[in-house]
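This report concerns only the one structure given below.
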Amino acid sequence: MATATDRRTDIGPPNYSRFLPPVIKKNYGQWKYHEILKPGVMVHVAESGDKLFTVRAASPRLVSIKKLRQFADLADKYCGGHLRFTSRNNVEFLLTDPSKIDALIADLKAIGHPVGGLGNSISNIVHTQGWVHCHSAATDASGVVKCVMDDLQEYFTQMKLPGKLRIALACCLNMCGAVHCSDIAILGVHRRPPKVQHDGLNKVCEIPNVVAACPTAAIRPAMVDGKQSVEVLEERCMFCANCFSVCPAMQMADPLNDGVSIWVGGKVSNARHEPMFSKLAVPYLPNTPPRWPEVVQAVRTIVEVWAKGARKYERMGEFIERIGWPRFFKLTGFEFTKQHIDDFRHAGLTYKRSAQLRQS
Amino acid sequence: MATATDRRTDIGPPNYSRFLPPVIKKNYGQWKYHEILKPGVMVHVAESGDKLFTVRAASPRLVSIKKLRQFADLADKYCGGHLRFTSRNNVEFLLTDPSKIDALIADLKAIGHPVGGLGNSISNIVHTQGWVHCHSAATDASGVVKCVMDDLQEYFTQMKLPGKLRIALACCLNMCGAVHCSDIAILGVHRRPPKVQHDGLNKVCEIPNVVAACPTAAIRPAMVDGKQSVEVLEERCMFCANCFSVCPAMQMADPLNDGVSIWVGGKVSNARHEPMFSKLAVPYLPNTPPRWPEVVQAVRTIVEVWAKGARKYERMGEFIERIGWPRFFKLTGFEFTKQHIDDFRHAGLTYKRSAQLRQS
Amino acid sequence: MADSNGKQTPLLDELEKGPWPSFVKEIKSMAKESPMCQDLLGQLEKSYGEKRGYWKHGGIVGVMGYGGGVIGRYSFLNEEFPHVAHFHTIRINQPSGWFYTSDAIRTLCDIWEKHGSGLTNMHGSTGDIVFLGTQTSELEPIFKELTEKDFDLGGSGSDLRTPSCCVGQSRCEWACYDTMQLCDHLTHHFQDELHRPAFPYKFKIKCAGCPNDCVASVARADMSIIGTWRDNIQIDQAAVKAYADGGMNIERDICGNCPTKCMQWDGKTLTIDNSNCVKCMHCINNMTKALRPGKDRGATILLGAKAPIVDGALLSSVLVPFIKLEPPYEELKDLIERIWEFWGEHGKNRERTGELIQRVGLGNFLEAIGVEPIPEMVAHPRENPFIFYEEYLEEGDEEE
Amino acid sequence: MADSNGKQTPLLDELEKGPWPSFVKEIKSMAKESPMCQDLLGQLEKSYGEKRGYWKHGGIVGVMGYGGGVIGRYSFLNEEFPHVAHFHTIRINQPSGWFYTSDAIRTLCDIWEKHGSGLTNMHGSTGDIVFLGTQTSELEPIFKELTEKDFDLGGSGSDLRTPSCCVGQSRCEWACYDTMQLCDHLTHHFQDELHRPAFPYKFKIKCAGCPNDCVASVARADMSIIGTWRDNIQIDQAAVKAYADGGMNIERDICGNCPTKCMQWDGKTLTIDNSNCVKCMHCINNMTKALRPGKDRGATILLGAKAPIVDGALLSSVLVPFIKLEPPYEELKDLIERIWEFWGEHGKNRERTGELIQRVGLGNFLEAIGVEPIPEMVAHPRENPFIFYEEYLEEGDEEE
Ligand code: SRM
Ligand code: SRM
Ligand code: SRM
Ligand code: SRM
Ligand code: SF4
Ligand code: SF4
Ligand code: SF4
Ligand code: SF4
Ligand code: SF4
Ligand code: SF4
Ligand code: SF4
Ligand code: SF4
C-alpha cells in the first residue's frame, strides 16, 4: 500500500505553458488587436503578423468523458490538439489555418454543439449543480439552463443584440453561480422555513452553531419531545438556508414551495458603467420540470424588452437605469409587489429618495 | 386670574392672506416668469403684466426687536409695509415701484445689511443656537457663521459663481441646521465620551432609557461608589450624544476635544442630480473663538476649488462626482484619513467597488 | 468694549467687525434695556473664553393646556449671570410663507419687549418665529397677548411640528399647487396634534411648490410635499430662440444637463420627450421665459426624512408619485391620519416615521396604511435574495 | 426512452430535445457502461417528478494529508439507487487559462473512466475541473494517478480556493499583466493554504487582465486582481479615422458612452483627457484596431467579494489602486499574507474577508495590514457623522 512518503502531493496544476499552441508561445503578450469574423469566430493578430483563430462552441458544462474525447479528436484534427475552455464554460478551438474553420464548425454541429457566443450575443449560462449533485438545491440547474438556452439559442448563434447579455443560474441562495451580478439571473429559492428534524439534531449538529447561523435570529434552542433541539420563529425566516448549511437536520427542500426567482441588470465589467448587482424582477415562479415554461417565458420577455429598447452597447442594467424601473415593469408586464421592496439590512437605501419621477 | 376657559387656544397662525401685498393678492398663482435684475434684486412678471420686485438682504437671523422695527420702517417707507423672510432666514422687501430699489438698498446697507443671495451666489447660512442657547452645542453657531460669511461676503453680494452654493451649520449631531444635505456643512462635534455624573444620575434619568439610547451599545448599567449609575465602554463611543439628549448626567461638552467638522457635496433640489447627502471633507478643526480662522480657511478653500473648477450650473456635489474624490482631496489639500472611511451601519456600500479609477 | 454691566467682552467684540451683519451687535443693541441681554453677553463671552456652552437641559415648561411651543432653558452659571438663570425660548407659529406687514412685526416686537429679552430668531430652523429668552412666569402673559393678536404657539416635543412652506403661488411662477394655503390648512386642521404631544416623536411637514424644493423638505420633513406635474412642459419656441440668440448654449448647458437626456435642440426647435422627463426643473429654471411646468399639476408625497441621530440621516422617499391638491385636501389628510395611526401604534419611543418604515419594511408599512406598492417608490428593486413570505403551502393545500 | 436498467425517464427525455447541447444526453451516453450514471438518471428522474433533490449533506471525505479537494455526497435514496449511495465530486486544479492539449484531456478521461462516473464539469464555477461522482474507496487511487500525470486537487472548505484567471496575454491584446503566470505562481506558492483548510472560511483569488474582468473577479473573488494602466491610452489616429469612414458614430457611440466624458472627436482627431479616463475599456473594446491600453501597466487589487449569505452580497473594493506585477510578485504575496494573518486572528468562523472588513471597519483593517488610507478606496467619504476616535485629550495634556 502506498504510504504518505511515496505520494506526490502539493504539486499544483501542470504549468499552462505545456498546453499552449506554438503560435501563442511565439506571440505571448504580443497580440495587437482582434476582430470577430462571424458568429463564434474571431481572429487575434499579433505584432508579428501571426494570426490565431478561435472557434467558440457551446457546452452543457456537464460533459461526459466521451464528449471530451470527441473534443480532443477535433482538436487533433483541426488545430494540433489545442483547445481551451472559457470562464463561462464554453469550449474554444485554437486554429492557425482559417481554411479549416468551416469544417470544424460543421463537425461541432454534427455532435450537437452550436458555435457562437462571441460579441453581442448571449453566451453560455454560468450555472451550478442542482438536483444532479447538490443537497442544497431549490431547483435544478442543468435542466433549467437547457430549457432557457434551447429557447434563446438564436441569440447565441447570431450577434443581433445591442450588447452582451450574461445569464447565470444558481440553484440556491449560496449562489455558486455567482448570479448576483448578471444581466439576467435565475435563482432557486426556498419559501418554507426549515422543517426541523428534532430526532438526533443534537447529535449531528451543535445547537449554538445552528442558532448563530441565522441572520434574522429566527432560531432558538428548545426542548422538543424531551429532545434537545431548536425551534424556528417562522415569521422571521426569509429562507436563506444558512441553518441548513451548518446543520442537515434543518431540512429546507420543499416541493410545494421551492421555485425560481428572476433578477436583472447586474454586470461585472467596468465598461461604461461600474459593476452592478442584479435586482429582483420576478420573486417566484414554480418549479415546473421538465421544461420550466414559466421561467423560459420570463427570461425571453426580459431579453426581448431589452433587445428592442436598448441602445448600442447598452447592457441590461444600463438600459433599465435609463428608462427607469417603472417602465421596465410596464414593458415586461411583470407585477410589482411588496417582495420587490427591499426590507433587509440596507433596505432604506433602495427607496426612491427624490422627486425625480417620470409621469406614470 | 385667567382661567382656561377664557383663553384663546388652538387658533393657529394668522392667515397669510392678511399680510400679502395687493400685487400678490391680485396675481396670486398667475405669475409668468421672473428675472434676476442684479445681485439681490429680482422681478416677477405676472400674466397680467404686473411686476413685483424683490430685494433680498442678509440677516444674522438672531435679530433684536430694534432691528425688526427698523425693517418694519423700511417696509413702510418702500413697499406699503410688506416684507417676508426666506427659508434661509434672509429678509425680502416686496416692491412694485422699481425706482425705489436703489434707495432701499442704500438704507439696508446703512443699517448693516448687504443685499444679495440671489441666483448663483452663496446665500445665508442656515444655522442653529450654539452657545447662545443650546445645552447640546459642541461649537457656537452664530459666531462661526459670522466669521465664515464675513469672509465669503463677496459671493453673497455678487453672482460670480458657477451655481448656487448652500452652507449650513449645526452645533451638534442633532443637526437642527439640517446640514446633512448642504453644499458645505459645518458641524460641531464632540470627541470625548460622556463624563458620567454618577451622583444622582439615577434620580434625573431612567437608567434603561440611557442604556437604550446608545446606538453602539456602549452604555451599560453599573454600580459606582454604591450608586446606581451607568458605565461607558469608551472605545465603542462615537460621540453622538444621544445619551446626553435623554439624560443630562451624561455630560458631553469638553473644551479640549470639541470642535468642528466640515462636509461637502450635499444638495436638496431635484435640479439635474437627485438630492444628495454631504460627505466628510475635514473630520476635525479645533474651536478657536472668536474668529475660527481654521474653519473660515477650510470653507474658503472648498469654495474656491469649486468656483474655479465647476462647470456652469454644477453644484458642489455634482462637481466632485465629476472630478472624483481623489482629485477633490488633492485640490483642497485636505488630508484623507481613516476617519473619512465610513465604518457605521452601511459602511461597505461606500467603498469603491469597481476598478474605475483615474490615474493618481 | 465693556458691556453696560462693566464686564468686558473682548472676544465677542471681535464679532462686531466685518461686513456680515453681526449678531453680537444685535444682542448689544438690547443690552442697555435688558439685563437678560447683558447676562447673555456675559455668559457667551465666557463660553468664548472657555470654549464650551453653559446651558442646562430644560425642564418641562409651557403654557396651560399645551405640551409644546416652549423650550425650557437654565444656566449653569445662574449665580454669575442671574438674569439668564431662566432663558426659555418660545416658538410662535409663523404665517405661511413668512409674510408679514410692518404692523404685524411691530405687534410681535411690542409683546416681546414687555416680556422677554427682545431677541428673536427670524426664523427657527423649523420655521417658527423664535422668541429667545424669557422666564417661566412670563409664559402665560406672552401667550395671552399673542393669541389676542391672532398668533399661536408652534410645535415642540413629540408632536406635529410647525409645518412650513415655500413662497409658492404668491410669488413663484413654478408652484404646482398652493403651498401657502395647504400649509395653513394643515396647520389649522391639526392644531391638537401640534399643541399636545402624543406621538412617538416629532413629525414635520414641509410644502414645496416644485421639485426645486426651496424649503428643503426632502431632507428635513417627515412628510415632504413637493409640487410636480404630469403632462408636458410648456414651451414657447420663440422665447427659446431668443435665449439662443442671446448667447445661451442650449445644447451644452440645458440639454447636456438634463438628467435623462430627453431634450433635443436642433438650433431651431427644442423638443422634449416628456415621457422621459423626470421633472428635475433644470431646463425650466434656466429658461424662465421659455419653459414652464405642465398644466396638470399636483404634488409628489414623500415620507421619512430626518437628521442622523441615531442610525444615520434619511431623505424622504416616494409614497405617492402624484396627487391632486385642492381644498379641502381630504385625501391627503386621510393619508396623514392613516400614517399617524400606524406610527402611533407601532412606533417606538423616539422613533421617527422614516425609521419605523425601515424597521417594519416599506412593504409592510404600505399594507398597513392601505397603499399599493409601485415601482415609483424604489430607486431599484431589492438586490438581496432574503425575501419574506408570510405564508407557505402545506401538503394537502390546493396547489396555487 | 427506458434507461439501460429498464427504468423509464420520460421527464428527462424531454431534455434531449432542442438545439442546445443536452446534459441528459451526456449522462445517458455513459449509462451503458456506468451503473452510477444509470442510478443518477433514476434519481434525477425522481427529482424531476417530485420537484426536489435527494442528496444528503456530505461527510468529511478526502485524500490523505489534504483537507480540501473532495466534496462528499450521499443519496437519501441509497436503497433505490445503490450506485449513487456515494457520489462524491473531486475538484482538480485546472491549468491557468483552462488550456489543454488533446493528450491532457485524454489522460484525465482515462483516469476518470477507471475510477468514477465518467461525468465531469468543464469547469466548476470556481474554475476547477470537476469529476462528478465517485466512491470513497476510489479517492486515493484517483489522486495517485492524477499526481503521476502532474495534476493536483483544487480547494474546498475553509482554505484558499483554486485561483483562476482570464486567458490574458496568451491571447488577449489588452492583458495588462501576465494573468496566467501570476495565477500559476500564486497557486504553486500557496499549495499548503490550498490543500489544508486553516482559514476562518474560504478565500478566492481571481486574476483578470484588464477592467473587462472576464473572470468576474470583482463579484466572485475575495481578492480580485484586475489589470490596468496609469499612462495614456495609445491612439492610432489613422485607424480611428478608418472606423469613422467605416460608418462608426464615434461621437455618439464611443465618446457618448465614456463614463467621464473625457473623450472628444472633432471629425478628424480623437483626443482623450487621460487624467480623467477611469480605464473603463469601453472605447478600447470597440475600436480594437485604433486604441490600446497605455504602456505603464499593472493591476488594481480589490478585496472582499462574495455571495449573499448571510448579510448580502459584496463586490470587491479597492485596496491598491495600482501595483506593478512582475515575478516573483513579492509585494503582492506579502500583502496577501498580511491579510490572511489579520483574518486568521480576527475573523470569526465562516466570516469572509469582505465581511470582516465591514465588521472591523476598513480604516482599522488598513491599519492592521499596514496600508495607508487613500480616497481611491472609497466611492465617497462617509455621510454619517459617527466618527470614532481612539484617543482624546485630557485636561493637563499638551494641546495638539
Ligand atoms: C474567453 C473569455 C475569457 C476567458 O479567459 O475565458 C473572454 C474573452 C474575451 N472577452 Fe470577455 N471573455 C470572457 C468572459 C467575460 C466575462 C465574465 C463572465 O461573463 O462571466 C465578462 C464580464 C461580463 C459582465 O460584465 O457581466 C466579460 C466582459 C468582456 C467585455 C465587456 C463587455 C461589456 O460591454 O460590458 C469585453 C469587451 C467587449 O466585448 O466589447 C470583453 C472582451 C473579450 C475579448 C474580445 C477579449 C479579447 O480580445 O480576447 C474576448 C472575446 C470576446 C467575446 O467573448 O465576445 N469581455 N468577458 C470569457 C468568455 C466567456 C464565454 O464563453 O462567453
Ligand atoms: C425665497 C426662497 C423660498 C422661500 O419661500 O423662502 C426661494 C426662492 C427662489 N428659488 Fe429657491 N428659494 C429658497 C430656498 C431654496 C432652497 C432651500 C435651501 O437652500 O435651504 C433650495 C434647495 C437648495 C439645495 O438644493 O440645496 C432652493 C433651490 C432652488 C433652485 C435649484 C438650484 C439648483 O440648481 O440646485 C432654483 C432654480 C434656480 O435658481 O435656478 C430655485 C429658484 C428659486 C426662485 C428663482 C423661484 C422663483 O421663481 O421665485 C426664487 C428666487 C431664487 C433665488 O434665490 O436665487 N431655488 N431654493 C428661498 C430663499 C432662500 C434664501 O434666502 O437664499
Ligand atoms: C431652535 C432649533 C434650532 C434653531 O436654532 O433654529 C432647534 C433646537 C433644538 N433642537 Fe432641533 N431645532 C430646530 C430645528 C431642527 C431641525 C430642522 C428642521 O426642522 O427643519 C432638525 C433636523 C430635521 C429633523 O427633524 O430631523 C432638528 C433636529 C433635532 C434633533 C434630531 C432629531 C432626529 O430625529 O434625529 C434633536 C434631538 C431630539 O429631538 O432629542 C433636536 C433637538 C433640539 C433641542 C430641543 C435640543 C434637545 O436636545 O432637546 C434644541 C433646543 C435648542 C435651544 O435651546 O434653543 N433637534 N431640529 C430649530 C427649531 C426652531 C423652530 O421651531 O423653527
Ligand atoms: C461545484 C460548485 C458549483 C458548480 O457547479 O460549479 C459549488 C458547489 C457548492 N458550493 Fe459553492 N460551488 C462552486 C462555486 C461557488 C462560487 C463561484 C465562484 O467560486 O466563483 C460561489 C460564489 C462566490 C463566493 O465564493 O462567494 C460559491 C458560493 C458558495 C457558498 C456561499 C459562500 C458565501 O460566503 O456566501 C456556499 C455555502 C457555504 O460555503 O457553506 C457554497 C457551498 C457549496 C457546496 C459545497 C454546498 C454546501 O453547502 O456545502 C456545493 C457543493 C455542491 C455539490 O454537491 O457539488 N458555495 N460557490 C462550484 C465549485 C466548483 C469549482 O471548484 O470550480
Ligand atoms: S447554488 Fe446552492 S444548490 Fe446550487 S450548487 Fe451551490 S450550494 Fe448547491
Ligand atoms: S432559513 Fe435562514 S432565516 Fe430561516 S431559520 Fe434558517 S437561517 Fe434563519
Ligand atoms: S444642533 Fe444641537 S446644539 Fe445646535 S441647536 Fe440643535 S440640538 Fe442644540
Ligand atoms: S455619545 Fe453616543 S455612542 Fe457615546 S455613549 Fe453616548 S449614546 Fe453611546
Ligand atoms: S419650491 Fe418651486 S414653487 Fe416653491 S419657491 Fe421654490 S421654485 Fe418656487
Ligand atoms: S425638467 Fe429636467 S428632466 Fe425634464 S426635460 Fe427639463 S432638464 Fe430634462
Ligand atoms: S479580462 Fe481583459 S485581458 Fe483578460 S481576457 Fe478579458 S479582455 Fe482580455
Ligand atoms: S477607457 Fe473608458 S473612461 Fe477611458 S477614455 Fe475610454 S471610454 Fe473614457
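Every chain in the C-alpha cells has a letter given in the order shown (A, B, ...), and although residue numbers restart at 1 in each chain, ligands are simply numbered from 1 in the order shown.
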
Quick one: which residues from chain D are at most 12 Å off chain C, using only C-alpha atoms, as a short mmCIF file (atom, residue, chain, number, x, y, z; two decimals) with all heavy atoms, in the first residue's frame?
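Dumped to iface-v4.cif:
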```cif
data_model
loop_
_atom_site.label_atom_id
_atom_site.label_comp_id
_atom_site.auth_asym_id
_atom_site.auth_seq_id
_atom_site.Cartn_x
_atom_site.Cartn_y
_atom_site.Cartn_z
N GLY D 256 -19.82 59.33 -26.40
CA GLY D 256 -21.07 59.46 -25.66
C GLY D 256 -21.22 58.43 -24.57
O GLY D 256 -21.98 58.62 -23.63
N LYS D 261 -16.84 61.21 -19.83
CA LYS D 261 -16.91 62.13 -20.97
C LYS D 261 -15.57 62.86 -21.18
O LYS D 261 -15.52 64.07 -21.37
CB LYS D 261 -18.03 63.17 -20.78
CG LYS D 261 -19.40 62.55 -20.52
CD LYS D 261 -20.07 62.06 -21.77
CE LYS D 261 -21.40 61.36 -21.49
NZ LYS D 261 -21.26 60.07 -20.76
N ALA D 307 -20.77 35.90 -2.27
CA ALA D 307 -22.20 35.66 -2.48
C ALA D 307 -22.98 36.17 -1.26
O ALA D 307 -22.38 36.55 -0.26
CB ALA D 307 -22.41 34.17 -2.69
N PRO D 308 -24.32 36.18 -1.35
CA PRO D 308 -25.11 36.92 -0.35
C PRO D 308 -25.18 36.35 1.06
O PRO D 308 -25.47 37.12 1.99
CB PRO D 308 -26.51 36.95 -0.96
CG PRO D 308 -26.55 35.91 -2.00
CD PRO D 308 -25.16 35.73 -2.48
N ILE D 309 -24.99 35.09 1.25
CA ILE D 309 -25.12 34.55 2.60
C ILE D 309 -24.03 35.15 3.50
O ILE D 309 -22.87 35.05 3.13
CB ILE D 309 -24.99 33.01 2.61
CG1 ILE D 309 -25.95 32.36 1.61
CG2 ILE D 309 -25.13 32.45 4.01
CD1 ILE D 309 -27.42 32.50 1.95
N VAL D 310 -24.31 35.73 4.67
CA VAL D 310 -25.62 35.91 5.24
C VAL D 310 -26.04 37.38 5.35
O VAL D 310 -27.15 37.65 5.81
CB VAL D 310 -25.70 35.33 6.68
CG1 VAL D 310 -25.43 33.84 6.66
CG2 VAL D 310 -24.68 36.02 7.59
N ASP D 311 -25.19 38.30 4.91
CA ASP D 311 -25.57 39.70 5.09
C ASP D 311 -25.81 40.44 3.79
O ASP D 311 -25.89 41.67 3.77
CB ASP D 311 -24.52 40.43 5.92
CG ASP D 311 -24.98 40.60 7.37
OD1 ASP D 311 -26.16 40.36 7.63
OD2 ASP D 311 -24.16 40.96 8.21
N GLY D 312 -25.87 39.72 2.72
CA GLY D 312 -25.98 40.36 1.41
C GLY D 312 -24.67 40.21 0.65
O GLY D 312 -23.59 40.13 1.25
N ALA D 313 -24.77 40.18 -0.66
CA ALA D 313 -23.58 40.00 -1.49
C ALA D 313 -22.68 41.22 -1.42
O ALA D 313 -23.11 42.33 -1.12
CB ALA D 313 -24.00 39.75 -2.93
N LEU D 314 -21.41 41.00 -1.68
CA LEU D 314 -20.46 42.10 -1.75
C LEU D 314 -19.71 42.06 -3.07
O LEU D 314 -19.45 40.98 -3.61
CB LEU D 314 -19.44 41.98 -0.61
CG LEU D 314 -19.97 42.06 0.81
CD1 LEU D 314 -18.84 41.81 1.81
CD2 LEU D 314 -20.59 43.43 1.05
N ARG D 382 -17.44 59.23 4.17
CA ARG D 382 -18.62 58.92 4.96
C ARG D 382 -19.68 60.02 4.90
O ARG D 382 -19.36 61.20 4.71
CB ARG D 382 -18.23 58.70 6.42
CG ARG D 382 -17.73 59.94 7.12
CD ARG D 382 -17.75 59.77 8.65
NE ARG D 382 -16.87 58.72 9.11
CZ ARG D 382 -17.25 57.72 9.91
NH1 ARG D 382 -18.48 57.66 10.37
NH2 ARG D 382 -16.38 56.81 10.28
N GLU D 383 -20.93 59.62 5.08
CA GLU D 383 -22.03 60.57 5.14
C GLU D 383 -22.53 60.74 6.58
O GLU D 383 -23.10 61.76 6.92
CB GLU D 383 -23.20 60.08 4.26
CG GLU D 383 -22.89 60.12 2.78
CD GLU D 383 -23.95 59.49 1.89
OE1 GLU D 383 -24.77 58.70 2.39
OE2 GLU D 383 -23.95 59.79 0.70
N ASN D 384 -22.34 59.71 7.37
CA ASN D 384 -22.83 59.83 8.74
C ASN D 384 -21.74 60.43 9.62
O ASN D 384 -20.55 60.25 9.36
CB ASN D 384 -23.28 58.47 9.28
CG ASN D 384 -22.09 57.55 9.47
OD1 ASN D 384 -21.25 57.77 10.34
ND2 ASN D 384 -21.99 56.54 8.63
N PRO D 385 -22.15 61.12 10.66
CA PRO D 385 -21.18 61.85 11.49
C PRO D 385 -20.69 61.03 12.68
O PRO D 385 -20.19 61.60 13.63
CB PRO D 385 -22.00 63.05 11.95
CG PRO D 385 -23.39 62.53 12.07
CD PRO D 385 -23.54 61.43 11.03
N PHE D 386 -20.84 59.73 12.61
CA PHE D 386 -20.49 58.91 13.77
C PHE D 386 -19.05 58.42 13.66
O PHE D 386 -18.77 57.29 13.33
CB PHE D 386 -21.48 57.75 13.90
CG PHE D 386 -22.91 58.22 13.94
CD1 PHE D 386 -23.89 57.58 13.22
CD2 PHE D 386 -23.27 59.33 14.70
CE1 PHE D 386 -25.21 58.02 13.25
CE2 PHE D 386 -24.59 59.78 14.74
CZ PHE D 386 -25.56 59.12 14.01
N ILE D 387 -18.15 59.33 13.97
CA ILE D 387 -16.73 59.10 13.75
C ILE D 387 -16.06 58.62 15.03
O ILE D 387 -16.15 59.27 16.06
CB ILE D 387 -16.05 60.41 13.30
CG1 ILE D 387 -16.82 61.01 12.13
CG2 ILE D 387 -14.60 60.16 12.95
CD1 ILE D 387 -16.25 62.33 11.64
#
```

- Using the chain letters and numbers from this document, which residues of segment 36-181 of chain A does DSSP assign to helix (DSSP H, G or I), as a PyMOL selection string? chain A and resi 65-79+98-110+130-132+142-157+179-181

- Compile the residues of chain C that lie within 6 Å of chain B, evaluated using only C-alpha atoms, and express the compilation as a PyMOL selection string. chain C and resi 11+18-21+23+26+48+51-53+55-57+93+95-96+98-102+109+118-122+150-152+169-170+173+188+191+211-213+215-216+258-259+280-282+288-289+307

Dump of N, CA and C atoms for the selected residues, as a compact mmCIF listing (two decimals), in the first residue's frame:
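Once everything was written out, this is part_37.txt:
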```txt
# COMPACT_ATOMS: atom_id res chain seq x y z
N LEU C 11 -13.70 89.18 23.42
CA LEU C 11 -13.81 88.15 22.37
C LEU C 11 -15.01 88.43 21.48
N GLY C 18 -16.27 93.32 10.53
CA GLY C 18 -16.54 92.58 9.30
C GLY C 18 -17.87 92.97 8.68
N PRO C 19 -18.02 92.64 7.38
CA PRO C 19 -19.16 93.15 6.62
C PRO C 19 -20.49 92.43 6.88
N TRP C 20 -20.46 91.23 7.39
CA TRP C 20 -21.71 90.50 7.56
C TRP C 20 -22.44 91.01 8.79
N PRO C 21 -23.76 91.11 8.76
CA PRO C 21 -24.47 91.62 9.93
C PRO C 21 -24.13 90.81 11.19
N PHE C 23 -24.55 89.37 14.92
CA PHE C 23 -25.50 89.00 15.99
C PHE C 23 -25.07 89.61 17.32
N GLU C 26 -26.52 92.86 17.53
CA GLU C 26 -27.95 92.73 17.85
C GLU C 26 -28.14 92.58 19.37
N TYR C 48 -16.98 81.78 24.99
CA TYR C 48 -15.93 82.03 24.00
C TYR C 48 -14.54 81.85 24.61
N LYS C 51 -14.50 77.92 25.66
CA LYS C 51 -14.84 77.01 24.56
C LYS C 51 -15.85 75.95 24.96
N ARG C 52 -16.89 76.37 25.63
CA ARG C 52 -17.97 75.44 25.91
C ARG C 52 -19.24 76.21 26.26
N GLY C 53 -20.36 75.57 26.08
CA GLY C 53 -21.63 76.19 26.46
C GLY C 53 -21.89 76.02 27.94
N TRP C 55 -25.32 75.99 29.17
CA TRP C 55 -26.75 75.81 29.36
C TRP C 55 -27.06 74.42 29.85
N LYS C 56 -28.05 74.36 30.71
CA LYS C 56 -28.51 73.07 31.22
C LYS C 56 -29.67 72.56 30.37
N HIS C 57 -29.92 71.26 30.46
CA HIS C 57 -31.16 70.68 29.93
C HIS C 57 -32.34 71.48 30.47
N ASN C 93 -45.87 80.09 15.87
CA ASN C 93 -46.17 79.62 14.52
C ASN C 93 -46.16 80.79 13.53
N PRO C 95 -46.72 82.85 10.02
CA PRO C 95 -47.72 82.77 8.95
C PRO C 95 -47.10 82.05 7.75
N SER C 96 -47.89 81.29 7.02
CA SER C 96 -47.39 80.58 5.84
C SER C 96 -46.56 81.51 4.96
N TRP C 98 -43.89 83.03 5.58
CA TRP C 98 -43.14 84.06 6.30
C TRP C 98 -43.42 85.49 5.80
N PHE C 99 -44.67 85.72 5.44
CA PHE C 99 -45.07 87.07 5.05
C PHE C 99 -45.53 87.85 6.27
N TYR C 100 -45.17 89.11 6.32
CA TYR C 100 -45.62 89.98 7.42
C TYR C 100 -45.96 91.35 6.85
N THR C 101 -46.74 92.06 7.65
CA THR C 101 -46.83 93.50 7.43
C THR C 101 -45.99 94.16 8.52
N SER C 102 -45.64 95.39 8.30
CA SER C 102 -44.86 96.10 9.32
C SER C 102 -45.63 96.14 10.64
N CYS C 109 -42.97 92.61 18.23
CA CYS C 109 -41.90 93.30 18.96
C CYS C 109 -42.42 93.86 20.28
N GLY C 118 -36.11 90.46 24.09
CA GLY C 118 -36.08 91.32 22.90
C GLY C 118 -35.26 90.74 21.78
N LEU C 119 -34.76 89.53 22.00
CA LEU C 119 -34.00 88.86 20.93
C LEU C 119 -34.89 87.81 20.27
N THR C 120 -34.75 87.70 18.96
CA THR C 120 -35.55 86.70 18.23
C THR C 120 -34.66 85.95 17.24
N ASN C 121 -35.20 84.86 16.77
CA ASN C 121 -34.70 84.29 15.53
C ASN C 121 -35.81 84.44 14.51
N MET C 122 -35.47 85.10 13.42
CA MET C 122 -36.42 85.17 12.31
C MET C 122 -35.78 84.39 11.17
N ASP C 150 -53.95 87.15 17.45
CA ASP C 150 -54.13 86.07 16.46
C ASP C 150 -52.90 85.22 16.20
N PHE C 151 -51.89 85.33 17.05
CA PHE C 151 -50.75 84.41 16.92
C PHE C 151 -50.90 83.27 17.90
N ASP C 152 -50.31 82.16 17.57
CA ASP C 152 -50.39 80.98 18.43
C ASP C 152 -49.00 80.33 18.47
N GLN C 169 -47.27 79.99 -4.81
CA GLN C 169 -48.01 80.75 -5.82
C GLN C 169 -48.11 82.23 -5.52
N SER C 170 -47.74 82.60 -4.30
CA SER C 170 -47.83 84.03 -4.00
C SER C 170 -46.81 84.81 -4.82
N GLU C 173 -43.66 81.47 -10.10
CA GLU C 173 -44.41 81.02 -11.27
C GLU C 173 -44.41 79.50 -11.42
N HIS C 188 -53.92 74.47 10.68
CA HIS C 188 -55.17 74.70 11.43
C HIS C 188 -55.92 73.40 11.68
N GLN C 191 -54.38 71.31 14.78
CA GLN C 191 -53.98 72.10 15.95
C GLN C 191 -53.75 71.23 17.19
N PRO C 211 -40.19 70.82 -7.71
CA PRO C 211 -39.03 69.99 -7.36
C PRO C 211 -37.76 70.78 -6.99
N ASN C 212 -37.77 72.10 -7.12
CA ASN C 212 -36.61 72.84 -6.60
C ASN C 212 -36.55 72.75 -5.08
N ASP C 213 -37.65 72.52 -4.49
CA ASP C 213 -37.74 72.22 -3.06
C ASP C 213 -37.08 73.31 -2.20
N VAL C 215 -37.89 74.68 0.43
CA VAL C 215 -37.89 74.52 1.89
C VAL C 215 -37.15 73.25 2.33
N ALA C 216 -36.36 72.70 1.41
CA ALA C 216 -35.53 71.53 1.77
C ALA C 216 -36.36 70.41 2.38
N CYS C 258 -29.64 67.81 -18.70
CA CYS C 258 -30.90 67.10 -18.43
C CYS C 258 -30.55 65.69 -17.95
N PRO C 259 -31.06 65.31 -16.79
CA PRO C 259 -30.61 64.03 -16.23
C PRO C 259 -30.97 62.82 -17.07
N CYS C 280 -37.07 67.49 -13.26
CA CYS C 280 -35.99 67.93 -12.38
C CYS C 280 -35.97 69.44 -12.26
N MET C 281 -36.59 70.15 -13.23
CA MET C 281 -36.67 71.62 -13.23
C MET C 281 -35.48 72.30 -13.88
N HIS C 282 -34.40 71.58 -14.17
CA HIS C 282 -33.21 72.28 -14.63
C HIS C 282 -33.48 73.17 -15.84
N THR C 288 -36.40 80.72 -17.93
CA THR C 288 -37.63 81.07 -17.21
C THR C 288 -38.70 81.65 -18.14
N LYS C 289 -38.26 82.28 -19.21
CA LYS C 289 -39.25 82.89 -20.09
C LYS C 289 -39.78 81.93 -21.14
N ALA C 307 -32.75 63.97 10.58
CA ALA C 307 -31.34 64.15 10.90
C ALA C 307 -30.73 62.81 11.34
```

- Message: Give me, as a VMD selection string, all polymer residues having an atom no more than 8 Å from Thr157 of chain A, counting only C-alpha atoms and skipping those fewer than 4 positions away in the same chain.
- Response: chain A and resid 39 to 40 114 to 117 121 153

- Using only C-alpha atoms, which residues sit within 9 Å of Leu201 of chain B once same-chain residues fewer than 3 positions away are excluded, as a list in words? Val196, Gln197, His198, Val204, Cys205, Glu206, Ile207, Lys227, Gln228, Ser229, Val230, Cys247, Pro248, Ala249 and Met250 of chain B

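Atom CA of His123 of chain D is found 10.9 Å from atom 20 (O, counted along the ligand's line) of ligand 4.
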
Counting only C-alpha atoms and all ligand atoms, which residues of chain A sit at most 10 Å from some atom of ligand 10, and what is each one's closest atom pair with its distance in Å to one decimal, listed by chain and rising residue number, as CSV?
```
residue,atom,partner,partner_atom_place_in_ligand_line,distance
A:Gln356,CA,ligand 10,3 (S),7.8
A:Leu357,CA,ligand 10,3 (S),8.8
A:Arg358,CA,ligand 10,3 (S),8.5
```
